[in-house]
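Participant: Okay, here's the structure, questions in a sec.
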Amino acid sequence: MKRFMAIIIGLCIILTWGCNDDYYSDGGILDDQVAILNTSTMQYLENNPDKFDTLSTLIKMCGLVDEINKSGNTFFAPQDYSIHNYFRLVLPDGPWPALEELPEELLEEISGILKNYIISGQQIVRSELSPAYSYATTLGGQKARFNLIREDYLGNVNMGAAFIVFSLDVSGEQSPRELYQSVRVAISGLRSTNGIVHVLTPDAHIFGFN
């Protein structure tokens with residue numbers, strides 16, 4: 001009987017938490033102080049090698065550390081898993097070379113891709129977003145858009161917690177219309193000493209929006 005009551009109480013707690021709109025599905029950050037990193041954006045990436053080891057190495061190899069750490073910018077950080085999926089796509093036959101041995105033309109492509117995760121001179125924050133689209137231009141010169149979507153774990157729209165969606169126009173210069181590919185933000189609003197960091201969901205995103 002006691003075990004049964006404990007289960008019931010536990011379910012009530014879960015349901016109460018799940019019905020509360022005062023949480024974020026993209027990391028659970030409610031207290032702004034929790035989101036203050038007290039490090040630069042690059043230091044944050046290096047301090048979390050389980051998620052960003054490959055990303056940090058590529059940023060250094062591409063000479064983009066200063067851009068990542070530039071004051072007032074926003075960086076949408078792709079996790080290593082999505083980068084590994086990119087390598088599986090561009091090098092399907094393997095074996096993968098060590099990062100230091102990547103062909104120069106591939107490294108140039110990666111550099112261009114990384115620039116599209118950087119929004120220079122603009123801080124994209126949740127409090128200024130809505131379901132309507134907001135737009136910006138990436139360091140790579142491509143059009144990006146951002147909005148908030150509310151959806152619960154069953155896929156019901158306008159229910160549950162809100163999360164940020166980051167979309168990139170991948171249509172190309174010759175296309176008559178814009179074509180956006182999107183990725184959800186997994187953890188939002190991390191404040192580094194130089195800007196804002198949003199961590200992207202890894203499992204449904206391939207680095208470069210491929």
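Lettering and numbering for the structure tokens are positional, with chains as A, B, ... in the shown order, residues counted from 1 in each chain, and ligands counted from 1 in the shown order.
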Need to verify the contact set: Glu109 of chain A, 12 Å, only C-alpha atoms, exclusion of same-chain residues closer than 4 positions in sequence. Can you return it as a PyMOL selection string?

Facilitator: chain A and resi 58+62+86-87+90+102-105+113-116+140+207-208

Participant: Go through segment 38-200 of chain A and collect every residue that DSSP, computed from the backbone, puts in helix (DSSP H, G or I); the answer should be as an NGL selection string.

Facilitator: :A and (41-46 or 49-61 or 65-68 or 80-90 or 99-101 or 104-115 or 126-128)

Participant: Since we have the selection now, will you write its residues out, keeping C-alpha atoms, as a PDB file, in the first residue's frame?

Facilitator:
ATOM      1  CA  THR A  41      31.847  31.727 -25.520  1.00  0.00           C
ATOM      2  CA  MET A  42      34.954  29.862 -26.659  1.00  0.00           C
ATOM      3  CA  GLN A  43      35.913  28.963 -23.095  1.00  0.00           C
ATOM      4  CA  TYR A  44      32.424  27.587 -22.511  1.00  0.00           C
ATOM      5  CA  LEU A  45      32.786  25.303 -25.543  1.00  0.00           C
ATOM      6  CA  GLU A  46      36.221  24.139 -24.415  1.00  0.00           C
ATOM      7  CA  PRO A  49      34.319  18.676 -24.449  1.00  0.00           C
ATOM      8  CA  ASP A  50      31.641  15.982 -24.221  1.00  0.00           C
ATOM      9  CA  LYS A  51      29.456  18.158 -26.449  1.00  0.00           C
ATOM     10  CA  PHE A  52      31.857  20.497 -28.229  1.00  0.00           C
ATOM     11  CA  ASP A  53      35.322  18.938 -28.538  1.00  0.00           C
ATOM     12  CA  THR A  54      35.168  18.597 -32.335  1.00  0.00           C
ATOM     13  CA  LEU A  55      33.437  21.970 -32.671  1.00  0.00           C
ATOM     14  CA  SER A  56      36.117  23.735 -30.608  1.00  0.00           C
ATOM     15  CA  THR A  57      38.911  22.177 -32.667  1.00  0.00           C
ATOM     16  CA  LEU A  58      37.305  23.188 -35.966  1.00  0.00           C
ATOM     17  CA  ILE A  59      36.729  26.754 -34.779  1.00  0.00           C
ATOM     18  CA  LYS A  60      40.443  27.076 -33.998  1.00  0.00           C
ATOM     19  CA  MET A  61      41.510  25.455 -37.269  1.00  0.00           C
ATOM     20  CA  VAL A  65      37.974  32.200 -32.328  1.00  0.00           C
ATOM     21  CA  ASP A  66      37.911  36.011 -32.437  1.00  0.00           C
ATOM     22  CA  GLU A  67      34.572  35.955 -34.246  1.00  0.00           C
ATOM     23  CA  ILE A  68      33.085  33.521 -31.729  1.00  0.00           C
ATOM     24  CA  ASP A  80      29.612  17.275 -32.010  1.00  0.00           C
ATOM     25  CA  TYR A  81      27.026  14.622 -32.851  1.00  0.00           C
ATOM     26  CA  SER A  82      25.617  16.777 -35.666  1.00  0.00           C
ATOM     27  CA  ILE A  83      29.147  17.473 -36.932  1.00  0.00           C
ATOM     28  CA  HIS A  84      29.928  13.754 -36.990  1.00  0.00           C
ATOM     29  CA  ASN A  85      26.774  13.229 -39.048  1.00  0.00           C
ATOM     30  CA  TYR A  86      28.077  15.849 -41.473  1.00  0.00           C
ATOM     31  CA  PHE A  87      31.314  13.904 -41.907  1.00  0.00           C
ATOM     32  CA  ARG A  88      29.320  10.727 -42.526  1.00  0.00           C
ATOM     33  CA  LEU A  89      27.497  12.610 -45.269  1.00  0.00           C
ATOM     34  CA  VAL A  90      30.498  14.161 -47.036  1.00  0.00           C
ATOM     35  CA  LEU A  99      40.838  16.752 -38.119  1.00  0.00           C
ATOM     36  CA  GLU A 100      44.357  18.095 -38.595  1.00  0.00           C
ATOM     37  CA  GLU A 101      44.545  16.178 -41.887  1.00  0.00           C
ATOM     38  CA  GLU A 104      42.003  22.271 -47.476  1.00  0.00           C
ATOM     39  CA  GLU A 105      38.876  22.548 -49.619  1.00  0.00           C
ATOM     40  CA  LEU A 106      36.816  20.709 -46.998  1.00  0.00           C
ATOM     41  CA  LEU A 107      38.182  22.922 -44.241  1.00  0.00           C
ATOM     42  CA  GLU A 108      37.189  25.984 -46.264  1.00  0.00           C
ATOM     43  CA  GLU A 109      33.677  24.575 -46.595  1.00  0.00           C
ATOM     44  CA  ILE A 110      33.517  23.967 -42.849  1.00  0.00           C
ATOM     45  CA  SER A 111      34.687  27.517 -42.187  1.00  0.00           C
ATOM     46  CA  GLY A 112      31.841  28.860 -44.331  1.00  0.00           C
ATOM     47  CA  ILE A 113      29.369  26.624 -42.520  1.00  0.00           C
ATOM     48  CA  LEU A 114      30.553  27.746 -39.074  1.00  0.00           C
ATOM     49  CA  LYS A 115      30.022  31.383 -40.005  1.00  0.00           C
ATOM     50  CA  ARG A 126      14.060  34.482 -25.887  1.00  0.00           C
ATOM     51  CA  SER A 127      12.316  37.486 -24.332  1.00  0.00           C
ATOM     52  CA  GLU A 128      12.394  39.323 -27.661  1.00  0.00           C
TER      53      GLU A 128
END

Participant: Quick one: of A:Asn48, A:Leu64, A:Ser120, A:Asp93, who's nearest to Ile196 of chain A, counting only C-alpha atoms?

Facilitator: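 Comparing A:Asn48, A:Leu64, A:Ser120, A:Asp93 against Ile196 of chain A, the winner is A:Ser120.
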
Participant: Using atom CA of Arg184 of chain A and atom CA of Phe163 of chain A as the two end points, give the distance in Å to one decimal.

Facilitator: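 Atom CA of Arg184 of chain A sits 7.1 Å away from atom CA of Phe163 of chain A.
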
Participant: Set the distance at 12 Å and use only C-alpha atoms: which residues neighbour Gln181 of chain A once local chain neighbours fewer than 6 positions away are removed? I'd like the list as a PyMOL selection string.

Facilitator: chain A and resi 143-146+165-171+204-210

Participant: Considering only C-alpha atoms, state which residue in the set A:Leu139, A:Ile164, A:Ala98, A:Ile119 is at the smallest distance from Gly189 of chain A.

Facilitator: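 Between A:Leu139, A:Ile164, A:Ala98, A:Ile119, the residue approaching Gly189 of chain A most closely is A:Ile164.
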